[in-house]
Amino acid sequence: MFLSKIIGSDASFRTKIVTLLGLLILFAVPLLANLFNEPFLVDIASRILIYALVAVSLDLILGYGGMVSFGHGAFLGLGAYVVGILTHHSYEGTAVAFLPGDWQGTTQAFVQWPLAMILSGLLALIIGALSLRTSGVYFIMITLAFAQMLYFFMISIPTYGGEDGLNIWERSEIPLLDLYDAKSFYFICLVLLLLCLWCCSRIVKSRFGMVLRGCRQNEVRMKALGYPVYRYKLMAFVLSGMIAGLAGALLANHTEFVGPGLMHWTRSGEIMIMVILGGMGSLIGPVLGSATLLMMEEVLAGLTEHWMIFLGPMLVLIVLFARKGLYGLLIGKGTDNG
Amino acid sequence: MLTIELFFEQSLNGLQQGVMLFLMAAGLTLVFGIMHLINLAHGSLYMIGAYVAASVTQASDSFTLGILAALVAAGLTGMLLEFSALRRLYNRDHLDQVLATFGMILFFNELVKILWGPQALFLSTPEFLSGTLEFIPGAPYPSYRLFIIGAGLVVALLLRHLIIHTRVGMLIRAGATHREMVGALGVNIDELYTIVFGLGAMLAGLAGALAGPMLAVEVGMGEKILILTFVVIIIGGIGSVRGALVGALLVGMVDTYGRAFLPTIMRELLDPASADTVAASMSSVAIYVLMAVVLIWKPRGLFQAYGS
């Protein structure tokens with residue numbers, strides 16, 4: 001292949017090149033936006049980073065743990081709703097509903113965001129504890145059904161906008177930083193994504209990660225070796241939910257709106273497409289997938305109102321003929337899991 | 001107030017919803033039980049059935065023609081999908097199947113939007129079924145809903161006959177347990193699979209056509225019922241037609257009773273404003289709670305499928 005002649009065929013070397021190039025592009029985005037005088041670019045790029053964060057969280061359980069969760073939108077949505085609800089009460093000066101006492105919410109990111117992660121993690125603990133009793137196709141459908149349950153639940157609560165969702169009148173506050181500034185917001189997303197990627201790469205290489213990857217390849221053997229497989233998988237599921245919750249908190253700030261649509265199963269499907277498109281079982285893959293899918297949407301939506309009619313068949317073709325994803329194409333091998 | 005008439009009426013409503021869910025679930029569970037394929041596009045076949053039935057009924061003024069057209073359209077679309085793409089996915093990971101059929105949903109939703117426009121279609125009930133029947137004095141019940149219940153039960157019986165007493169049914173059962181052996185005995189497995197898929201698609205199309213006069217025919221109607229159908233077959237046990245019937249009736253009843261009676265019950269316990277909110281959220285999550293309970297009790301559903 002042409003590419004391999006330039007950068008050699010050593011996969012780990014190529015991984016480094018791709019990673020470096022990716023980092024360079026990510027840090028250069030605000031500069032490029034200035035250069036071409038397209039401030040909107042930073043906005044799209046922030047969106048890409050946020051979705052990359054969810055996609056990485058899904059990849060952690062899907063690509064490494066073999067858990068096909070079709071309800072990741074639930075965690076994304078809950079994280080977003082935590083920010084939305086706390087801001088809503090802080091803005092209106094009313095007490096948070098369904099809680100004893102009269103805490104009027106807050107706009108402080110250091111309270112909002114960790115709380116979004118904790119609550120999403122708790123939700124993941126409940127959904128995971130029930131869903132992981134099953135496997136295979138049951139697991140797919142159950143995670144999907146639980147996410148839908150949350151979706152309908154949020155629709156049925158008029159206090160928080162029901163079907164219309166909540167507008168967020170104030171973005172989260174971080175001391176010394178202005179989240180309304182597109183570039184600051186972009187760099188916050190970037191730092192959080194890189195931090196998450198670093199943590200995840202440590203996790204998958206750790207003993208915990210090895211057990212998780214073992215479960216994906218042969219769960220029966222891992223059980224026979226004496227590992228409490230259920231607990232390992234549940235732990236990974238909760239971690240993944242927490243990261244998705246953080247992404248939700250960022251997304252709420254980015255769109256300044258939360259609605260039940262975030263939890264709809266088509267959203268979970270999109271996140272899954274990002275992971276597969278980029279290449280699962282490789283932490284860089286989901287980032288590539290998020291960038292590709294969102295940019296494709298942007299371009300196709302500019303061309304025709306009916307862009308979905310192209311996206312759908314494209315997806316079928318990708319599944320049928322290009323299983324390794326973009327990461328596989330760039331690196332020239334399958335996933336880290338072989 | 002809770003009266004015997006209301007209870008009777010809601011029970012019939014639940015039965016009717018259950019029957020609709022069964023028509024959907026039977027096809028989905030057959031395809032999974034025999035070909036091991038998760039088909040998210042099953043809801044799209046339902047939507048196609050509804051749209052074709054609505055258009056043909058409006059054009060020809062005949063409800064029967066509309067239903068026939070829906071059966072043909074959904075069946076053909078299903079077989080075309082199976083032949084062109086899905087048969088390549090039978091031996092693949094469930095993840096691949098989910099993604100590919102998800103892509104098909106996006107395609108069909110957009111296609112319907114282009115062909116019929118984004119507005120919902122509304123269909124009136126056919127004239128000979130537009131009246132009511134009075135089973136219990138003082139509780140008239142729409143005869144169209146009774147017609148759906150009847151049609152669903154007939155389909156269930158026919159399906160049972162087909163699977164247990166006919167040659168095709170025998171091959172279906174054999175194909176589910178010993179795919180290679182049936183192939184080795186000279187049965188054209190590919191053809192059999194296409195037929196089974198077409199059958200499931202026709203059931204979905206029938207459900208869509210029947211739903212037309214009761215619901216808005218709109219883009220996205222397929223996904224709404226698809227998720228409920230998933231809940232049904234998870235409860236019933238994936239791959240089991242009997243499980244699909246039991247699961248469908250359970251889900252239909254729980255959902256209908258929840259929506260009908262929870263507000264009344266809650267109003268006894270709470271103040272009216274919060275009672276309505278609590279009742280609405282409780283009834284919208286009731287079937288999922290049912291699913292969770294069944295799974296805690298029996299992680300693989302109530303009934304075992306052939307071959308597992």
# chains A, B, ... in the order shown; residues from 1 in each chain; ligands from 1
>>> interface_residues(of="chain A", to="chain B", cutoff="9 Å", atoms="only C-alpha atoms", output="JSON, numbers by chain")
{"A": [68, 130, 131, 133, 134, 136, 137, 138, 140, 141, 142, 144, 145, 146, 148, 149, 150, 152, 153, 154, 155, 156, 157, 158, 159, 266, 269, 272, 273, 276, 306, 307, 308, 309, 310, 311, 312, 313, 314, 315, 316, 317, 318, 319, 320, 323]}
>>> write_last_selection(atoms="N, CA and C atoms", output="tab-separated table (two decimals), in the first residue's frame")
chain	number	residue	atom	x	y	z
A	68	VAL	N	-22.13	-5.53	24.17
A	68	VAL	CA	-22.76	-4.68	23.16
A	68	VAL	C	-23.90	-3.90	23.81
A	130	LEU	N	-28.47	-5.67	36.33
A	130	LEU	CA	-29.57	-6.49	35.78
A	130	LEU	C	-29.20	-7.08	34.42
A	131	SER	N	-28.64	-6.23	33.55
A	131	SER	CA	-28.39	-6.67	32.17
A	131	SER	C	-27.29	-7.72	32.09
A	133	ARG	N	-26.68	-10.08	33.88
A	133	ARG	CA	-27.12	-11.45	34.19
A	133	ARG	C	-27.34	-12.22	32.89
A	134	THR	N	-27.51	-11.51	31.81
A	134	THR	CA	-27.74	-12.15	30.53
A	134	THR	C	-26.54	-11.87	29.63
A	136	GLY	N	-25.16	-11.84	25.14
A	136	GLY	CA	-25.51	-11.93	23.73
A	136	GLY	C	-26.66	-11.02	23.36
A	137	VAL	N	-27.61	-11.59	22.61
A	137	VAL	CA	-28.68	-10.78	22.06
A	137	VAL	C	-29.59	-10.24	23.17
A	138	TYR	N	-29.72	-10.98	24.27
A	138	TYR	CA	-30.53	-10.48	25.39
A	138	TYR	C	-29.93	-9.19	25.92
A	140	ILE	N	-28.09	-6.98	24.42
A	140	ILE	CA	-28.30	-5.87	23.48
A	140	ILE	C	-29.70	-5.29	23.68
A	141	MET	N	-30.70	-6.18	23.69
A	141	MET	CA	-32.08	-5.71	23.74
A	141	MET	C	-32.41	-5.12	25.10
A	142	ILE	N	-31.83	-5.68	26.16
A	142	ILE	CA	-32.18	-5.18	27.50
A	142	ILE	C	-31.59	-3.80	27.74
A	144	LEU	N	-30.98	-1.69	25.51
A	144	LEU	CA	-31.81	-0.83	24.66
A	144	LEU	C	-33.13	-0.50	25.36
A	145	ALA	N	-33.75	-1.52	25.93
A	145	ALA	CA	-35.05	-1.30	26.57
A	145	ALA	C	-34.92	-0.40	27.79
A	146	PHE	N	-33.85	-0.56	28.58
A	146	PHE	CA	-33.70	0.28	29.77
A	146	PHE	C	-33.49	1.74	29.37
A	148	GLN	N	-34.66	3.13	26.72
A	148	GLN	CA	-35.97	3.63	26.28
A	148	GLN	C	-36.86	3.95	27.48
A	149	MET	N	-36.73	3.11	28.52
A	149	MET	CA	-37.51	3.35	29.73
A	149	MET	C	-37.17	4.73	30.30
A	150	LEU	N	-35.89	5.05	30.34
A	150	LEU	CA	-35.47	6.34	30.87
A	150	LEU	C	-35.98	7.47	29.98
A	152	PHE	N	-38.72	7.49	28.11
A	152	PHE	CA	-40.14	7.72	28.37
A	152	PHE	C	-40.36	8.33	29.75
A	153	PHE	N	-39.48	7.95	30.69
A	153	PHE	CA	-39.59	8.51	32.03
A	153	PHE	C	-39.36	10.02	31.99
A	154	MET	N	-38.33	10.45	31.28
A	154	MET	CA	-38.06	11.89	31.21
A	154	MET	C	-39.19	12.62	30.49
A	155	ILE	N	-39.76	11.97	29.47
A	155	ILE	CA	-40.88	12.60	28.75
A	155	ILE	C	-42.07	12.81	29.68
A	156	SER	N	-42.23	11.88	30.64
A	156	SER	CA	-43.43	11.94	31.47
A	156	SER	C	-43.29	12.91	32.64
A	157	ILE	N	-42.13	13.56	32.80
A	157	ILE	CA	-41.96	14.49	33.93
A	157	ILE	C	-42.09	15.93	33.44
A	158	PRO	N	-43.22	16.54	33.61
A	158	PRO	CA	-43.42	17.91	33.09
A	158	PRO	C	-42.55	18.94	33.81
A	159	THR	N	-42.15	18.66	35.07
A	159	THR	CA	-41.33	19.61	35.82
A	159	THR	C	-40.06	19.97	35.04
A	266	THR	N	-31.97	5.93	18.94
A	266	THR	CA	-31.22	6.23	17.74
A	266	THR	C	-29.90	6.92	18.11
A	269	GLY	N	-27.59	4.33	18.97
A	269	GLY	CA	-27.15	3.70	17.72
A	269	GLY	C	-26.03	4.50	17.07
A	272	MET	N	-22.81	3.97	18.74
A	272	MET	CA	-22.26	2.67	18.37
A	272	MET	C	-21.64	2.72	16.98
A	273	ILE	N	-22.31	3.44	16.06
A	273	ILE	CA	-21.77	3.56	14.71
A	273	ILE	C	-20.39	4.22	14.75
A	276	ILE	N	-17.79	1.64	15.71
A	276	ILE	CA	-17.52	0.64	14.67
A	276	ILE	C	-16.82	1.28	13.48
A	306	HIS	N	-32.31	15.09	2.63
A	306	HIS	CA	-32.54	13.65	2.83
A	306	HIS	C	-31.23	12.87	2.92
A	307	TRP	N	-30.27	13.40	3.71
A	307	TRP	CA	-28.95	12.76	3.72
A	307	TRP	C	-28.96	11.37	4.35
A	308	MET	N	-29.97	11.11	5.19
A	308	MET	CA	-30.04	9.81	5.85
A	308	MET	C	-30.14	8.68	4.83
A	309	ILE	N	-30.73	9.00	3.67
A	309	ILE	CA	-30.93	7.96	2.68
A	309	ILE	C	-29.59	7.47	2.13
A	310	PHE	N	-28.54	8.29	2.29
A	310	PHE	CA	-27.21	7.84	1.91
A	310	PHE	C	-26.49	7.19	3.08
A	311	LEU	N	-26.69	7.77	4.27
A	311	LEU	CA	-25.99	7.26	5.45
A	311	LEU	C	-26.38	5.80	5.73
A	312	GLY	N	-27.69	5.49	5.59
A	312	GLY	CA	-28.17	4.15	5.90
A	312	GLY	C	-27.48	3.07	5.09
A	313	PRO	N	-27.59	3.13	3.74
A	313	PRO	CA	-26.93	2.10	2.94
A	313	PRO	C	-25.41	2.09	3.14
A	314	MET	N	-24.82	3.28	3.38
A	314	MET	CA	-23.39	3.33	3.62
A	314	MET	C	-23.03	2.47	4.83
A	315	LEU	N	-23.87	2.58	5.84
A	315	LEU	CA	-23.65	1.81	7.06
A	315	LEU	C	-23.70	0.32	6.77
A	316	VAL	N	-24.69	-0.10	5.97
A	316	VAL	CA	-24.81	-1.52	5.62
A	316	VAL	C	-23.54	-1.98	4.90
A	317	LEU	N	-23.05	-1.16	3.97
A	317	LEU	CA	-21.85	-1.53	3.22
A	317	LEU	C	-20.63	-1.61	4.13
A	318	ILE	N	-20.53	-0.66	5.07
A	318	ILE	CA	-19.38	-0.69	5.99
A	318	ILE	C	-19.39	-1.98	6.79
A	319	VAL	N	-20.59	-2.34	7.28
A	319	VAL	CA	-20.68	-3.56	8.08
A	319	VAL	C	-20.31	-4.77	7.24
A	320	LEU	N	-20.80	-4.79	5.99
A	320	LEU	CA	-20.58	-5.97	5.17
A	320	LEU	C	-19.12	-6.08	4.70
A	323	ARG	N	-14.98	-4.22	8.03
A	323	ARG	CA	-15.16	-4.46	9.45
A	323	ARG	C	-14.10	-3.83	10.35
>>> residues_around(residues="Leu193 of chain A", least_positions_apart="3", cutoff="8 Å", atoms="only C-alpha atoms", output="tab-separated table (two decimals) with C-alpha atoms, in the first residue's frame")
chain	number	residue	atom	x	y	z
A	49	LEU	CA	-14.60	15.85	20.99
A	50	ILE	CA	-17.64	15.39	23.21
A	52	ALA	CA	-15.53	11.10	20.94
A	53	LEU	CA	-15.63	10.96	24.73
A	189	CYS	CA	-13.21	19.28	26.08
A	190	LEU	CA	-9.84	18.42	24.59
A	196	CYS	CA	-9.90	10.03	29.56
A	197	LEU	CA	-7.90	8.43	26.73
>>> select_by_dssp(residues="segment 46-260 of chain A", states="strand (DSSP E)", output="VMD selection string")
chain A and resid 166 to 167 257 to 258
>>> atom_distance(atom1="atom CA of Gly18 of chain B", atom2="atom CA of Leu250 of chain B")
7.2 Å
>>> residues_around(residues="segment 103-107 of chain A", least_positions_apart="3", cutoff="10 Å", atoms="only C-alpha atoms", output="list in words")
Val82, Val83, Gly84, Ile85, Leu86, Thr87, His88, His89, Ser90, Tyr91, Glu92, Gly93, Thr94, Ala95, Val96, Ala97, Leu99, Pro100, Phe110, Val111, Gln112, Trp113, Glu170, Arg171, Ser172, Glu173 and Ile174 of chain A
>>> closest_residue(among="B:Leu133, B:Ala74, B:Ala248, B:Met35", to="Ile189 of chain B", atoms="only C-alpha atoms")
B:Met35
>>> residues_around(residues="segment 224-234 of chain A", least_positions_apart="6", cutoff="10 Å", atoms="only C-alpha atoms", output="PyMOL selection string")
chain A and resi 61+65-67+124-133+208-209+211-216+240
>>> write_last_selection(atoms="N, CA and C atoms", output="PDB file, in the first residue's frame")
ATOM      1  N   ILE A  61     -16.272  -0.830  26.913  1.00  0.00           N
ATOM      2  CA  ILE A  61     -17.011  -2.062  27.209  1.00  0.00           C
ATOM      3  C   ILE A  61     -17.308  -2.868  25.952  1.00  0.00           C
ATOM      4  N   GLY A  65     -14.497  -5.182  26.288  1.00  0.00           N
ATOM      5  CA  GLY A  65     -15.215  -6.113  27.154  1.00  0.00           C
ATOM      6  C   GLY A  65     -16.217  -6.981  26.415  1.00  0.00           C
ATOM      7  N   GLY A  66     -16.440  -6.691  25.123  1.00  0.00           N
ATOM      8  CA  GLY A  66     -17.391  -7.500  24.356  1.00  0.00           C
ATOM      9  C   GLY A  66     -18.834  -7.331  24.790  1.00  0.00           C
ATOM     10  N   MET A  67     -19.141  -6.218  25.497  1.00  0.00           N
ATOM     11  CA  MET A  67     -20.522  -5.992  25.927  1.00  0.00           C
ATOM     12  C   MET A  67     -21.186  -5.026  24.950  1.00  0.00           C
ATOM     13  N   ALA A 124     -25.615   3.209  35.716  1.00  0.00           N
ATOM     14  CA  ALA A 124     -24.934   2.110  35.039  1.00  0.00           C
ATOM     15  C   ALA A 124     -24.844   0.903  35.964  1.00  0.00           C
ATOM     16  N   LEU A 125     -24.686   1.161  37.258  1.00  0.00           N
ATOM     17  CA  LEU A 125     -24.607   0.056  38.220  1.00  0.00           C
ATOM     18  C   LEU A 125     -25.921  -0.715  38.236  1.00  0.00           C
ATOM     19  N   ILE A 126     -27.033   0.027  38.243  1.00  0.00           N
ATOM     20  CA  ILE A 126     -28.335  -0.642  38.277  1.00  0.00           C
ATOM     21  C   ILE A 126     -28.611  -1.382  36.967  1.00  0.00           C
ATOM     22  N   ILE A 127     -28.467  -0.648  35.842  1.00  0.00           N
ATOM     23  CA  ILE A 127     -28.738  -1.278  34.545  1.00  0.00           C
ATOM     24  C   ILE A 127     -27.778  -2.443  34.311  1.00  0.00           C
ATOM     25  N   GLY A 128     -26.505  -2.204  34.632  1.00  0.00           N
ATOM     26  CA  GLY A 128     -25.508  -3.249  34.417  1.00  0.00           C
ATOM     27  C   GLY A 128     -25.776  -4.477  35.265  1.00  0.00           C
ATOM     28  N   ALA A 129     -26.110  -4.257  36.545  1.00  0.00           N
ATOM     29  CA  ALA A 129     -26.319  -5.394  37.437  1.00  0.00           C
ATOM     30  C   ALA A 129     -27.431  -6.296  36.910  1.00  0.00           C
ATOM     31  N   LEU A 130     -28.474  -5.675  36.327  1.00  0.00           N
ATOM     32  CA  LEU A 130     -29.568  -6.488  35.782  1.00  0.00           C
ATOM     33  C   LEU A 130     -29.203  -7.080  34.421  1.00  0.00           C
ATOM     34  N   SER A 131     -28.636  -6.228  33.551  1.00  0.00           N
ATOM     35  CA  SER A 131     -28.390  -6.668  32.170  1.00  0.00           C
ATOM     36  C   SER A 131     -27.291  -7.721  32.093  1.00  0.00           C
ATOM     37  N   LEU A 132     -26.280  -7.602  32.957  1.00  0.00           N
ATOM     38  CA  LEU A 132     -25.148  -8.517  32.849  1.00  0.00           C
ATOM     39  C   LEU A 132     -25.478  -9.926  33.329  1.00  0.00           C
ATOM     40  N   ARG A 133     -26.681 -10.081  33.883  1.00  0.00           N
ATOM     41  CA  ARG A 133     -27.123 -11.452  34.190  1.00  0.00           C
ATOM     42  C   ARG A 133     -27.335 -12.224  32.893  1.00  0.00           C
ATOM     43  N   PHE A 208      -6.717  -5.426  35.394  1.00  0.00           N
ATOM     44  CA  PHE A 208      -8.172  -5.320  35.227  1.00  0.00           C
ATOM     45  C   PHE A 208      -8.552  -5.377  33.745  1.00  0.00           C
ATOM     46  N   GLY A 209      -7.816  -4.600  32.936  1.00  0.00           N
ATOM     47  CA  GLY A 209      -8.102  -4.568  31.507  1.00  0.00           C
ATOM     48  C   GLY A 209      -7.861  -5.917  30.851  1.00  0.00           C
ATOM     49  N   VAL A 211      -8.164  -8.848  32.236  1.00  0.00           N
ATOM     50  CA  VAL A 211      -9.278  -9.739  32.580  1.00  0.00           C
ATOM     51  C   VAL A 211     -10.480  -9.404  31.690  1.00  0.00           C
ATOM     52  N   LEU A 212     -10.723  -8.103  31.521  1.00  0.00           N
ATOM     53  CA  LEU A 212     -11.849  -7.654  30.707  1.00  0.00           C
ATOM     54  C   LEU A 212     -11.705  -8.164  29.279  1.00  0.00           C
ATOM     55  N   ARG A 213     -10.511  -8.024  28.721  1.00  0.00           N
ATOM     56  CA  ARG A 213     -10.290  -8.485  27.352  1.00  0.00           C
ATOM     57  C   ARG A 213     -10.371  -9.995  27.280  1.00  0.00           C
ATOM     58  N   GLY A 214      -9.955 -10.646  28.344  1.00  0.00           N
ATOM     59  CA  GLY A 214     -10.099 -12.105  28.406  1.00  0.00           C
ATOM     60  C   GLY A 214     -11.556 -12.512  28.340  1.00  0.00           C
ATOM     61  N   CYS A 215     -12.405 -11.754  29.040  1.00  0.00           N
ATOM     62  CA  CYS A 215     -13.845 -12.058  29.032  1.00  0.00           C
ATOM     63  C   CYS A 215     -14.409 -11.964  27.626  1.00  0.00           C
ATOM     64  N   ARG A 216     -13.914 -10.984  26.866  1.00  0.00           N
ATOM     65  CA  ARG A 216     -14.416 -10.805  25.518  1.00  0.00           C
ATOM     66  C   ARG A 216     -14.055 -12.026  24.660  1.00  0.00           C
ATOM     67  N   SER A 240     -17.635   3.020  32.318  1.00  0.00           N
ATOM     68  CA  SER A 240     -18.066   3.508  31.020  1.00  0.00           C
ATOM     69  C   SER A 240     -19.236   4.476  31.161  1.00  0.00           C
TER      70      SER A 240
END
>>> closest_residue(among="A:Phe70, A:Phe27, A:Tyr180, A:Tyr186", to="Asp43 of chain A", atoms="only C-alpha atoms")
A:Tyr186
>>> select_by_dssp(residues="segment 145-282 of chain B", states="helix (DSSP H, G or I)", output="PyMOL selection string")
chain B and resi 145-165+167-177+179-184+189-211+221-236+241-269+272-282
